[in-house]
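Chemist: File follows, my_file_27.txt with compact mmCIF, C-alpha atoms:
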```
# COMPACT_ATOMS: atom_id res chain seq x y z
CA MET C 1277 27.82 1.07 12.68
CA GLU C 1278 24.91 -0.66 14.20
CA ASN C 1279 25.03 -4.19 12.95
CA ALA C 1280 22.26 -6.64 12.55
CA ILE C 1281 23.05 -8.61 15.67
CA SER C 1282 23.00 -5.59 17.94
CA ALA C 1283 19.78 -4.50 16.29
CA ARG C 1284 18.32 -7.87 17.14
CA ALA C 1285 19.46 -7.57 20.70
CA SER C 1286 17.94 -4.12 21.03
CA ALA C 1287 14.61 -5.28 19.74
CA VAL C 1288 12.63 -5.28 22.94
CA PRO C 1289 9.35 -7.08 22.46
CA VAL C 1290 6.42 -4.83 23.13
CA ARG C 1291 3.40 -6.66 24.45
CA SER C 1292 0.85 -4.32 23.06
CA MET C 1293 1.00 -0.89 21.57
CA GLU C 1294 -2.64 -0.19 22.12
CA GLY C 1295 -2.97 3.30 23.49
CA ILE C 1296 0.73 3.99 23.07
CA ALA C 1297 1.75 7.50 23.92
CA ALA C 1298 3.40 9.73 21.34
CA ALA C 1299 6.63 9.80 23.33
CA ASP C 1300 6.77 6.00 23.32
CA PHE C 1301 6.22 5.93 19.61
CA ASN C 1302 9.12 8.33 19.13
CA GLN C 1303 11.27 5.90 21.06
CA LEU C 1304 10.07 3.10 18.82
CA VAL C 1305 11.08 5.09 15.74
CA GLN C 1306 14.53 5.77 17.16
CA THR C 1307 15.07 2.12 18.02
CA HIS C 1308 13.99 0.60 14.72
CA GLN C 1309 14.41 3.21 12.03
CA ARG C 1310 17.91 2.05 11.02
CA ARG C 1311 16.89 -1.52 10.52
CA VAL C 1312 13.70 -0.66 8.67
CA TYR C 1313 15.65 1.65 6.40
CA ARG C 1314 18.35 -0.96 5.82
CA VAL C 1315 15.84 -3.63 4.82
CA LEU C 1316 14.02 -1.23 2.53
CA LEU C 1317 17.25 -0.07 0.95
CA SER C 1318 18.32 -3.66 0.37
CA LEU C 1319 14.95 -4.50 -1.16
CA LEU C 1320 14.60 -1.38 -3.29
CA ARG C 1321 18.19 -0.26 -3.87
CA ASP C 1322 16.93 3.29 -4.03
CA PRO C 1323 17.99 5.50 -1.09
CA ASP C 1324 15.26 8.09 -1.64
CA ALA C 1325 12.54 5.48 -1.91
CA ALA C 1326 13.91 3.68 1.14
CA ASP C 1327 13.83 6.92 3.13
CA THR C 1328 10.29 7.73 2.03
CA LEU C 1329 9.03 4.23 2.71
CA THR C 1330 10.72 4.16 6.12
CA GLN C 1331 8.67 7.20 7.06
CA GLU C 1332 5.60 5.60 5.54
CA CYS C 1333 6.26 2.42 7.50
CA PHE C 1334 6.20 4.24 10.83
CA LEU C 1335 3.16 6.29 9.87
CA ARG C 1336 1.34 3.11 8.95
CA ALA C 1337 2.46 1.50 12.18
CA TYR C 1338 1.15 4.50 14.10
CA GLU C 1339 -2.19 4.32 12.34
CA ARG C 1340 -2.47 0.59 12.97
CA ARG C 1341 -1.00 0.48 16.44
CA ALA C 1342 -4.33 -0.65 17.84
CA GLN C 1343 -4.15 -3.77 15.64
CA PHE C 1344 -0.84 -4.87 17.10
CA ARG C 1345 -1.56 -7.72 19.49
CA GLY C 1346 1.95 -8.37 20.67
CA GLU C 1347 2.01 -11.95 19.37
CA SER C 1348 5.34 -11.27 17.67
CA PRO C 1349 8.07 -8.79 18.54
CA VAL C 1350 7.34 -5.25 17.48
CA GLN C 1351 10.40 -5.39 15.25
CA ALA C 1352 8.91 -8.28 13.24
CA TRP C 1353 5.66 -6.35 12.96
CA LEU C 1354 7.47 -3.25 11.68
CA LEU C 1355 9.52 -5.25 9.21
CA ARG C 1356 6.40 -6.95 7.93
CA ILE C 1357 4.94 -3.52 7.18
CA ALA C 1358 8.22 -2.53 5.51
CA VAL C 1359 8.38 -5.67 3.37
CA ASN C 1360 4.76 -5.16 2.29
CA LEU C 1361 5.49 -1.55 1.42
CA ALA C 1362 8.47 -2.61 -0.67
CA ARG C 1363 6.35 -5.22 -2.42
CA ASP C 1364 3.68 -2.63 -3.20
CA TYR C 1365 6.37 -0.27 -4.41
CA HIS C 1366 7.65 -2.90 -6.83
CA ARG C 1367 4.14 -3.61 -7.98
CA ASN C 1368 3.62 -0.01 -8.90
CA ARG C 1369 4.03 -0.25 -12.61
CA ARG C 1370 4.27 3.47 -13.07
CA VAL C 1371 7.31 3.62 -10.82
CA SER C 1372 8.87 0.66 -12.62
CA PHE C 1373 8.32 2.40 -15.91
CA TRP C 1374 10.07 5.56 -14.73
CA ARG C 1375 12.87 3.56 -13.19
CA ARG C 1376 13.45 1.83 -16.49
CA LEU C 1377 13.24 5.10 -18.32
CA VAL C 1378 15.93 6.74 -16.25
CA GLY C 1379 18.08 3.61 -16.52
CA GLU C 1380 17.97 2.71 -12.88
CA ASN C 1381 17.79 -0.95 -13.72
CA ASP C 1382 20.02 -3.96 -13.35
CA SER C 1383 22.77 -2.71 -15.55
CA ASN C 1384 23.82 0.20 -13.39
CA GLY C 1385 21.54 0.22 -10.37
CA GLU C 1386 24.15 -1.17 -8.04
CA GLY C 1387 26.04 2.09 -8.14
CA SER C 1388 23.40 4.04 -6.26
CA ALA C 1389 23.34 1.98 -3.11
CA ILE C 1390 26.70 0.33 -2.79
CA SER C 1391 29.23 2.50 -4.55
CA ASN C 1392 30.34 4.28 -1.42
CA VAL C 1393 31.21 1.24 0.60
CA PRO C 1394 34.69 1.67 2.01
CA ALA C 1395 37.10 -1.09 1.18
CA ARG C 1396 39.85 -1.58 3.70
CA GLU C 1397 43.04 -3.53 3.39
CA SER C 1398 42.31 -4.54 -0.18
CA SER C 1399 44.06 -3.84 -3.41
CA PRO C 1400 42.17 -1.83 -6.02
CA GLU C 1401 41.85 -4.97 -8.13
CA GLN C 1402 40.35 -6.91 -5.24
CA VAL C 1403 37.97 -4.09 -4.49
CA LEU C 1404 36.89 -3.95 -8.09
CA LEU C 1405 36.42 -7.69 -8.26
CA ALA C 1406 34.47 -7.78 -5.00
CA ARG C 1407 32.30 -4.93 -6.18
CA GLU C 1408 31.55 -6.68 -9.43
CA GLU C 1409 30.73 -9.89 -7.63
CA VAL C 1410 28.37 -8.11 -5.26
CA ALA C 1411 26.78 -6.37 -8.22
CA ALA C 1412 26.27 -9.74 -9.87
CA VAL C 1413 24.63 -11.05 -6.69
CA TRP C 1414 22.36 -7.98 -6.62
CA ARG C 1415 21.34 -8.61 -10.21
CA ALA C 1416 20.58 -12.25 -9.48
CA VAL C 1417 18.71 -11.43 -6.26
CA GLU C 1418 16.56 -8.85 -7.99
CA GLN C 1419 15.28 -11.49 -10.37
CA LEU C 1420 13.89 -13.55 -7.51
CA SER C 1421 10.20 -13.57 -6.71
CA PRO C 1422 9.19 -10.88 -4.17
CA ARG C 1423 8.93 -13.41 -1.36
CA GLN C 1424 12.26 -15.10 -2.10
CA HIS C 1425 13.82 -11.68 -2.52
CA ALA C 1426 12.60 -10.59 0.90
CA ILE C 1427 13.75 -13.84 2.52
CA PHE C 1428 17.18 -13.61 0.92
CA ILE C 1429 17.63 -10.04 2.16
CA LEU C 1430 16.35 -10.79 5.64
CA HIS C 1431 18.67 -13.78 5.94
CA PHE C 1432 21.87 -12.45 4.48
CA VAL C 1433 21.60 -8.74 5.23
CA GLU C 1434 19.68 -8.85 8.50
CA GLU C 1435 21.09 -12.22 9.50
CA MET C 1436 17.71 -13.40 10.66
CA THR C 1437 16.97 -16.98 11.61
CA MET C 1438 14.20 -18.99 9.97
CA ALA C 1439 11.91 -18.38 12.94
CA GLU C 1440 12.49 -14.62 12.85
CA MET C 1441 11.83 -14.49 9.13
CA ALA C 1442 8.71 -16.58 9.63
CA ALA C 1443 7.48 -14.04 12.18
CA VAL C 1444 8.15 -11.15 9.81
CA LEU C 1445 6.47 -12.77 6.83
CA GLY C 1446 3.69 -14.50 8.72
CA ILE C 1447 4.49 -17.96 7.32
CA GLU C 1448 5.84 -21.23 8.67
CA SER C 1449 9.56 -21.67 9.30
CA GLY C 1450 9.61 -24.68 7.00
CA THR C 1451 8.16 -22.60 4.19
CA VAL C 1452 10.83 -19.97 4.79
CA LYS C 1453 13.51 -22.61 4.51
CA VAL C 1454 12.11 -23.94 1.25
CA HIS C 1455 11.98 -20.41 -0.19
CA LEU C 1456 15.51 -19.67 0.96
CA PHE C 1457 16.78 -22.92 -0.54
CA ARG C 1458 15.18 -22.09 -3.88
CA ALA C 1459 16.45 -18.52 -3.71
CA LEU C 1460 20.02 -19.67 -3.10
CA ASN C 1461 19.81 -22.22 -5.86
CA SER C 1462 18.46 -19.64 -8.26
CA VAL C 1463 21.07 -17.03 -7.35
CA ARG C 1464 23.84 -19.55 -7.67
CA LYS C 1465 22.68 -20.61 -11.15
CA LYS C 1466 22.28 -17.02 -12.28
CA MET C 1467 25.76 -16.23 -11.05
CA GLU C 1468 27.10 -19.13 -13.08
CA ASP C 1469 25.23 -17.83 -16.11
CA GLN C 1470 27.08 -14.55 -15.58
CA GLN C 1471 30.37 -16.47 -15.56
CA TRP C 1472 30.73 -16.16 -11.80
CA ARG C 1473 31.87 -19.51 -10.77
CA MET U 573 38.35 -40.63 5.54
CA GLU U 574 37.62 -41.83 2.04
CA VAL U 575 35.61 -39.46 -0.08
CA ARG U 576 33.34 -40.85 -2.75
CA GLY U 577 32.25 -38.31 -5.35
CA HIS U 578 31.27 -34.76 -4.49
CA LEU U 579 28.23 -33.06 -3.08
CA ARG U 580 25.51 -32.16 -5.53
CA ASP U 581 24.57 -28.49 -5.96
CA ASP U 582 21.49 -28.83 -3.80
CA GLU U 583 23.53 -30.54 -1.09
CA VAL U 584 26.03 -27.70 -1.03
CA ILE U 585 23.17 -25.25 -0.62
CA ARG U 586 21.62 -27.40 2.07
CA ALA U 587 24.94 -27.34 3.86
CA LEU U 588 24.91 -23.58 3.49
CA LEU U 589 21.47 -23.38 5.07
CA ASP U 590 22.39 -25.75 7.85
CA SER U 591 25.25 -23.52 8.90
CA PRO U 592 23.63 -20.09 9.14
CA LEU U 593 26.07 -17.27 8.83
CA ALA U 594 25.20 -15.57 12.03
CA SER U 595 24.58 -18.43 14.35
CA GLY U 596 27.42 -20.93 14.22
CA PHE U 597 25.20 -23.86 15.05
CA ALA U 598 26.60 -27.28 14.29
CA MET U 599 25.47 -28.73 10.99
CA LYS U 600 22.30 -30.73 11.24
CA ASP U 601 23.20 -33.17 8.50
CA ALA U 602 26.21 -35.13 9.78
CA ARG U 603 26.80 -36.73 6.39
CA LEU U 604 27.21 -33.32 4.73
CA ALA U 605 29.41 -32.10 7.55
CA ASP U 606 31.63 -35.15 7.33
CA HIS U 607 31.94 -34.83 3.59
CA LEU U 608 32.83 -31.15 3.76
CA GLU U 609 35.44 -31.91 6.33
CA ALA U 610 37.01 -34.59 4.18
CA CYS U 611 36.58 -33.15 0.67
CA ALA U 612 38.65 -30.07 -0.03
CA ILE U 613 36.88 -29.35 -3.32
CA CYS U 614 33.40 -29.34 -1.82
CA ARG U 615 34.64 -27.42 1.19
CA ALA U 616 36.15 -24.80 -1.09
CA GLU U 617 32.86 -24.49 -2.98
CA HIS U 618 30.93 -24.25 0.28
CA ASP U 619 33.32 -21.62 1.64
CA ARG U 620 33.22 -19.69 -1.61
CA LEU U 621 29.43 -19.46 -1.50
CA THR U 622 29.48 -18.64 2.19
CA THR U 623 31.96 -15.84 1.62
CA ARG U 624 30.04 -14.55 -1.38
CA PHE U 625 26.72 -14.28 0.43
CA ALA U 626 28.27 -13.07 3.66
CA GLY U 627 30.11 -10.45 1.63
CA PHE U 628 26.88 -9.47 -0.03
CA GLY U 629 25.22 -8.99 3.35
CA ALA U 630 28.12 -7.00 4.74
CA TRP U 631 28.20 -4.84 1.66
CA ALA U 632 24.46 -4.20 1.84
CA ARG U 633 24.69 -3.26 5.52
CA ALA U 634 27.58 -0.94 4.83
CA ALA U 635 25.64 0.64 1.98
CA ALA U 636 22.83 1.46 4.40
CA HIS U 637 25.18 3.24 6.78
CA ARG U 638 24.21 6.87 7.21
CA PRO U 639 25.56 9.66 9.39
CA GLU U 640 23.78 10.39 12.65
CA ASN U 641 22.16 13.56 11.34
CA PHE U 642 20.43 11.53 8.62
CA TRP U 643 18.61 9.51 11.29
CA GLU U 644 17.81 12.61 13.28
CA MET U 645 16.33 14.31 10.23
CA GLN U 646 14.38 11.22 9.29
CA HIS U 647 13.06 10.95 12.82
CA ALA U 648 12.07 14.61 12.75
CA ARG U 649 10.23 14.13 9.45
CA ILE U 650 8.34 11.16 10.85
CA ALA U 651 7.47 13.12 13.99
CA ALA U 652 6.33 16.06 11.87
CA ARG U 653 4.05 13.80 9.88
CA LEU U 654 2.68 12.21 13.02
CA VAL U 655 1.60 15.56 14.50
CA PRO U 656 -0.79 16.49 11.67
CA GLU U 657 -2.11 12.95 11.90
CA LYS U 658 -3.00 13.56 15.53
CA LYS U 659 -4.46 16.97 14.70
CA LYS U 660 -6.46 15.41 11.91
CA ASN U 661 -7.86 12.95 14.39
CA ILE U 662 -8.88 15.80 16.67
CA ARG U 663 -10.32 17.67 13.69
CA THR U 664 -12.22 14.59 12.66
CA TRP U 665 -13.56 14.34 16.19
CA GLY U 666 -14.67 17.98 16.13
CA PHE U 667 -16.25 17.56 12.73
CA GLN U 668 -18.13 14.48 13.83
CA LEU U 669 -19.36 16.25 16.95
CA ALA U 670 -20.61 19.21 14.90
CA LEU U 671 -22.28 16.86 12.45
CA ALA U 672 -24.00 14.97 15.26
CA THR U 673 -25.21 18.25 16.82
CA ALA U 674 -26.60 19.48 13.50
CA ALA U 675 -28.38 16.18 12.95
CA ALA U 676 -29.85 16.35 16.44
CA VAL U 677 -31.11 19.91 15.84
CA ILE U 678 -32.71 18.90 12.53
CA ILE U 679 -34.41 15.90 14.12
CA LEU U 680 -35.64 18.07 16.99
CA ALA U 681 -36.98 20.67 14.58
CA PHE U 682 -38.88 18.00 12.69
CA ALA U 683 -40.18 16.62 15.92
CA ILE U 684 -41.51 19.99 17.00
CA PHE U 685 -42.67 21.59 13.74
CA GLY U 686 -42.95 18.71 11.41
CA THR U 687 -45.55 16.71 13.28
CA ARG U 688 -48.48 19.11 12.60
CA PRO U 689 -51.21 17.01 11.00
CA TYR U 690 -52.01 17.52 7.37
CA PRO U 691 -55.40 19.15 6.74
CA GLN U 692 -57.85 16.36 6.73
CA GLN U 693 -59.87 15.90 3.61
CA VAL U 694 -63.51 16.49 4.28
CA ALA U 695 -65.61 13.64 3.16
CA SER U 696 -67.57 14.59 0.08
CA THR U 697 -71.29 14.97 0.62
CA VAL U 698 -72.11 15.73 -2.99
CA ASP U 699 -73.50 12.83 -4.87
CA ASP U 700 -72.56 11.89 -8.43
CA HIS U 701 -75.67 13.24 -10.04
CA SER U 702 -75.25 16.75 -8.63
CA LEU U 703 -71.58 16.67 -9.68
CA LEU U 704 -72.55 15.85 -13.25
CA VAL U 705 -75.11 18.64 -13.26
CA ASP U 706 -72.43 21.07 -12.09
CA VAL U 707 -70.13 19.94 -14.87
CA GLU U 708 -72.90 20.40 -17.42
CA HIS U 709 -73.54 23.91 -16.13
CA SER U 710 -69.86 24.75 -16.37
CA ILE U 711 -69.68 23.60 -19.95
CA ASN U 712 -72.80 25.47 -21.05
CA ASP U 713 -72.07 28.46 -18.98
CA GLU U 714 -71.32 31.79 -20.48
CA LEU U 715 -67.86 32.99 -21.01
CA PRO U 716 -65.75 33.59 -18.02
CA ALA U 717 -65.82 37.15 -16.77
CA ALA U 718 -62.26 37.73 -17.91
CA LEU U 719 -63.14 36.98 -21.53
CA GLN U 720 -66.39 38.93 -21.64
CA PRO U 721 -64.84 42.18 -23.05
CA ALA U 722 -63.36 40.20 -25.92
CA ALA U 723 -66.70 38.57 -26.66
CA LEU U 724 -68.39 41.96 -26.74
CA LEU U 725 -65.81 43.20 -29.18
CA VAL U 726 -66.39 40.24 -31.50
CA ASN U 727 -70.14 40.80 -31.44
CA GLU U 728 -69.64 44.46 -32.21
CA MET U 729 -67.39 43.63 -35.17
CA ASN U 730 -69.94 41.17 -36.55
CA ARG U 731 -72.70 43.70 -36.25
CA HIS U 732 -70.76 46.33 -38.19
CA ALA U 733 -69.54 43.92 -40.81
CA SER U 734 -70.32 44.79 -44.52
CA PRO U 735 -73.85 43.84 -45.74
CA ASN U 736 -72.32 41.96 -48.75
CA THR U 737 -70.58 39.68 -46.51
CA LYS U 738 -73.74 39.27 -44.53
CA ASN U 739 -75.71 38.57 -47.68
CA ARG U 740 -73.12 36.12 -48.96
CA LYS U 741 -73.29 34.36 -45.67
CA ALA U 742 -77.06 34.24 -45.84
CA VAL U 743 -76.95 32.84 -49.37
CA LYS U 744 -74.49 30.25 -48.28
CA GLU U 745 -76.65 29.25 -45.34
CA THR U 746 -79.72 29.06 -47.64
CA ARG U 747 -77.76 26.81 -50.05
CA TYR U 748 -76.84 24.50 -47.25
CA ALA U 749 -80.41 24.49 -46.07
CA ASN U 750 -81.63 23.51 -49.50
```
Is it possible to give me this structure as structure tokens?

Modeler:
Amino acid sequence: MENAISARASAVPVRSMEGIAAADFNQLVQTHQRRVYRVLLSLLRDPDAADTLTQECFLRAYERRAQFRGESPVQAWLLRIAVNLARDYHRNRRVSFWRRLVGENDSNGEGSAISNVPARESSPEQVLLAREEVAAVWRAVEQLSPRQHAIFILHFVEEMTMAEMAAVLGIESGTVKVHLFRALNSVRKKMEDQQWR
Amino acid sequence: MEVRGHLRDDEVIRALLDSPLASGFAMKDARLADHLEACAICRAEHDRLTTRFAGFGAWARAAAHRPENFWEMQHARIAARLVPEKKKNIRTWGFQLALATAAAVIILAFAIFGTRPYPQQVASTVDDHSLLVDVEHSINDELPAALQPAALLVNEMNRHASPNTKNRKAVKETRYAN
């Protein structure tokens, strides 16, 4: 499995995509599609939506490739598009309504994205406990504000540094740190409320 | 080392932030680092949170794992959607070119055929008095040629009308005269 660190290493900064050829764009898709999908899946917890929005992310990037100035790595630019797409997706009240209607909410939503994670060298009880703990974290994380949610995911799932997250979100590193601090505090308190000490 | 009290919740979280999971940098706050090293309870809490969030990240990454054909299919779908986008751009270009040509033709046509001067109004040489006389003539003129047959018919009907009616009319006129 491609992990976050190798993804970071493979992220070759592109100076400018202006006038990029179709073949180059295909290469860009191949290089970054896993990470974009992973971030979207972590933010949305809906594999179908993550797949659709990954495609949308690259289409949007293609349309706006002339706007890319190369001030940040292309990966940060792509992830910024992905995070904005996820935010818009959450804002779509119609989608939220249908998600609630079909019961894809906090109570059982964790099953869709994380139920098939293989557990090695663990007893069934440990696996169950770990799964419940992760589900509790998911529930707590989903209650964060969109920005804190994105920062939490980028830090703990993508293992990004403050500077990398700042580049993705277009804000100062200090602001990222404040948001992450608040996010961690909030998640910790919510976990305690759920009797996860 | 003597440990006084324990770290507050925010300090534990600060310690968590100062030791990013992926980097392994040394802690920035020496006081926190020293305390964690000396206090088993705080260290356990710090480690528990570290493990929890690291586990969360690992779990989320594992959940996003897909077989190779998934990525190939996704890539193909993106590529397929990019092609119509390019075609659309070409189509848009063609459409714009056609539109520009049509506009040019219309402008040219106006330039050639549309610049013919309007018929100039001849300055009136008739004075007001003659105009009024003409109006007077029109008003007092006989019936228009188109209505002349109808007028003849009315006259004919009046002429052949019954004498009683004629007499009654005459009496009436005489009464009014008196």

Chemist: What are the nearest atom pairs, with distances in Å to one decimal, for all residues of chain U that come at most 8 Å from chain C, using all atoms listed in the file, set out by chain and rising residue number as CSV?

Modeler:
```
residue,atom,partner,partner_atom,distance
U:Asp581,CA,C:Asn1461,CA,7.9
U:Asp582,CA,C:Asn1461,CA,7.1
U:Ile585,CA,C:Phe1457,CA,6.8
U:Arg586,CA,C:Phe1457,CA,7.1
U:Leu589,CA,C:Phe1457,CA,7.3
U:Pro592,CA,C:Thr1437,CA,7.8
U:Leu593,CA,C:Glu1435,CA,7.1
U:Ala594,CA,C:Glu1435,CA,5.9
U:Arg624,CA,C:Val1410,CA,7.7
U:Phe625,CA,C:Phe1432,CA,6.6
U:Ala626,CA,C:Phe1432,CA,6.5
U:Gly627,CA,C:Val1410,CA,7.5
U:Phe628,CA,C:Val1410,CA,5.6
U:Gly629,CA,C:Val1433,CA,4.1
U:Ala630,CA,C:Val1433,CA,6.8
U:Trp631,CA,C:Val1393,CA,6.9
U:Ala632,CA,C:Ser1318,CA,6.3
U:Arg633,CA,C:Val1433,CA,6.3
U:Ala634,CA,C:Val1393,CA,6.0
U:Ala635,CA,C:Ile1390,CA,4.9
U:Ala636,CA,C:Arg1314,CA,5.3
U:His637,CA,C:Met1277,CA,6.8
U:Trp643,CA,C:Arg1310,CA,7.5
U:Gln646,CA,C:Gln1331,CA,7.3
U:His647,CA,C:Val1305,CA,6.8
U:Arg649,CA,C:Gln1331,CA,7.5
U:Ile650,CA,C:Gln1331,CA,5.5
U:Ala651,CA,C:Asn1302,CA,7.2
U:Arg653,CA,C:Leu1335,CA,7.6
U:Leu654,CA,C:Leu1335,CA,6.7
```

Chemist: For the residues in the current selection, export C-alpha atoms as a PDB file, keeping the file's coordinate frame.

Modeler:
```pdb
ATOM      1  CA  ASP U 581      24.570 -28.490  -5.960  1.00  0.00           C
ATOM      2  CA  ASP U 582      21.490 -28.830  -3.800  1.00  0.00           C
ATOM      3  CA  ILE U 585      23.170 -25.250  -0.620  1.00  0.00           C
ATOM      4  CA  ARG U 586      21.620 -27.400   2.070  1.00  0.00           C
ATOM      5  CA  LEU U 589      21.470 -23.380   5.070  1.00  0.00           C
ATOM      6  CA  PRO U 592      23.630 -20.090   9.140  1.00  0.00           C
ATOM      7  CA  LEU U 593      26.070 -17.270   8.830  1.00  0.00           C
ATOM      8  CA  ALA U 594      25.200 -15.570  12.030  1.00  0.00           C
ATOM      9  CA  ARG U 624      30.040 -14.550  -1.380  1.00  0.00           C
ATOM     10  CA  PHE U 625      26.720 -14.280   0.430  1.00  0.00           C
ATOM     11  CA  ALA U 626      28.270 -13.070   3.660  1.00  0.00           C
ATOM     12  CA  GLY U 627      30.110 -10.450   1.630  1.00  0.00           C
ATOM     13  CA  PHE U 628      26.880  -9.470  -0.030  1.00  0.00           C
ATOM     14  CA  GLY U 629      25.220  -8.990   3.350  1.00  0.00           C
ATOM     15  CA  ALA U 630      28.120  -7.000   4.740  1.00  0.00           C
ATOM     16  CA  TRP U 631      28.200  -4.840   1.660  1.00  0.00           C
ATOM     17  CA  ALA U 632      24.460  -4.200   1.840  1.00  0.00           C
ATOM     18  CA  ARG U 633      24.690  -3.260   5.520  1.00  0.00           C
ATOM     19  CA  ALA U 634      27.580  -0.940   4.830  1.00  0.00           C
ATOM     20  CA  ALA U 635      25.640   0.640   1.980  1.00  0.00           C
ATOM     21  CA  ALA U 636      22.830   1.460   4.400  1.00  0.00           C
ATOM     22  CA  HIS U 637      25.180   3.240   6.780  1.00  0.00           C
ATOM     23  CA  TRP U 643      18.610   9.510  11.290  1.00  0.00           C
ATOM     24  CA  GLN U 646      14.380  11.220   9.290  1.00  0.00           C
ATOM     25  CA  HIS U 647      13.060  10.950  12.820  1.00  0.00           C
ATOM     26  CA  ARG U 649      10.230  14.130   9.450  1.00  0.00           C
ATOM     27  CA  ILE U 650       8.340  11.160  10.850  1.00  0.00           C
ATOM     28  CA  ALA U 651       7.470  13.120  13.990  1.00  0.00           C
ATOM     29  CA  ARG U 653       4.050  13.800   9.880  1.00  0.00           C
ATOM     30  CA  LEU U 654       2.680  12.210  13.020  1.00  0.00           C
TER      31      LEU U 654
END
```

Chemist: Record the distance separating atom CA of Val1452 of chain C and atom CA of Leu1355 of chain C, expressed in Å with one decimal.

Modeler: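 According to the coordinates, atom CA of Val1452 of chain C and atom CA of Leu1355 of chain C are separated by 15.4 Å.
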
Chemist: Of the candidates C:Arg1415, C:Arg1423, C:His1455, C:Lys1466, which one gets nearest to Ala1362 of chain C if we count all atoms listed in the file?

Modeler: C:Arg1423

Chemist: Counting only C-alpha atoms, which of U:Glu728, U:Ser702, U:Gly577, U:Val707 gets nearest to Ala610 of chain U?

Modeler: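 The closest residue to Ala610 of chain U is U:Gly577.
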
Chemist: Which is closer to Ala605 of chain U than all the others in U:Ala672, U:Leu621, U:Met645, U:Ala587, using only C-alpha atoms?

Modeler: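 Smallest distance to Ala605 of chain U is found for U:Ala587.
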
Chemist: Just how far from atom CA of Glu1418 of chain C is atom CA of Met1467 of chain C, in Å to one decimal?

Modeler: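 Separation of atom CA of Met1467 of chain C and atom CA of Glu1418 of chain C: 12.2 Å.
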
Chemist: One number please: atom CA of His578 of chain U to atom CA of His1425 of chain C, in Å, one decimal.

Modeler: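 Computed distance, atom CA of His578 of chain U to atom CA of His1425 of chain C, equals 29.0 Å.
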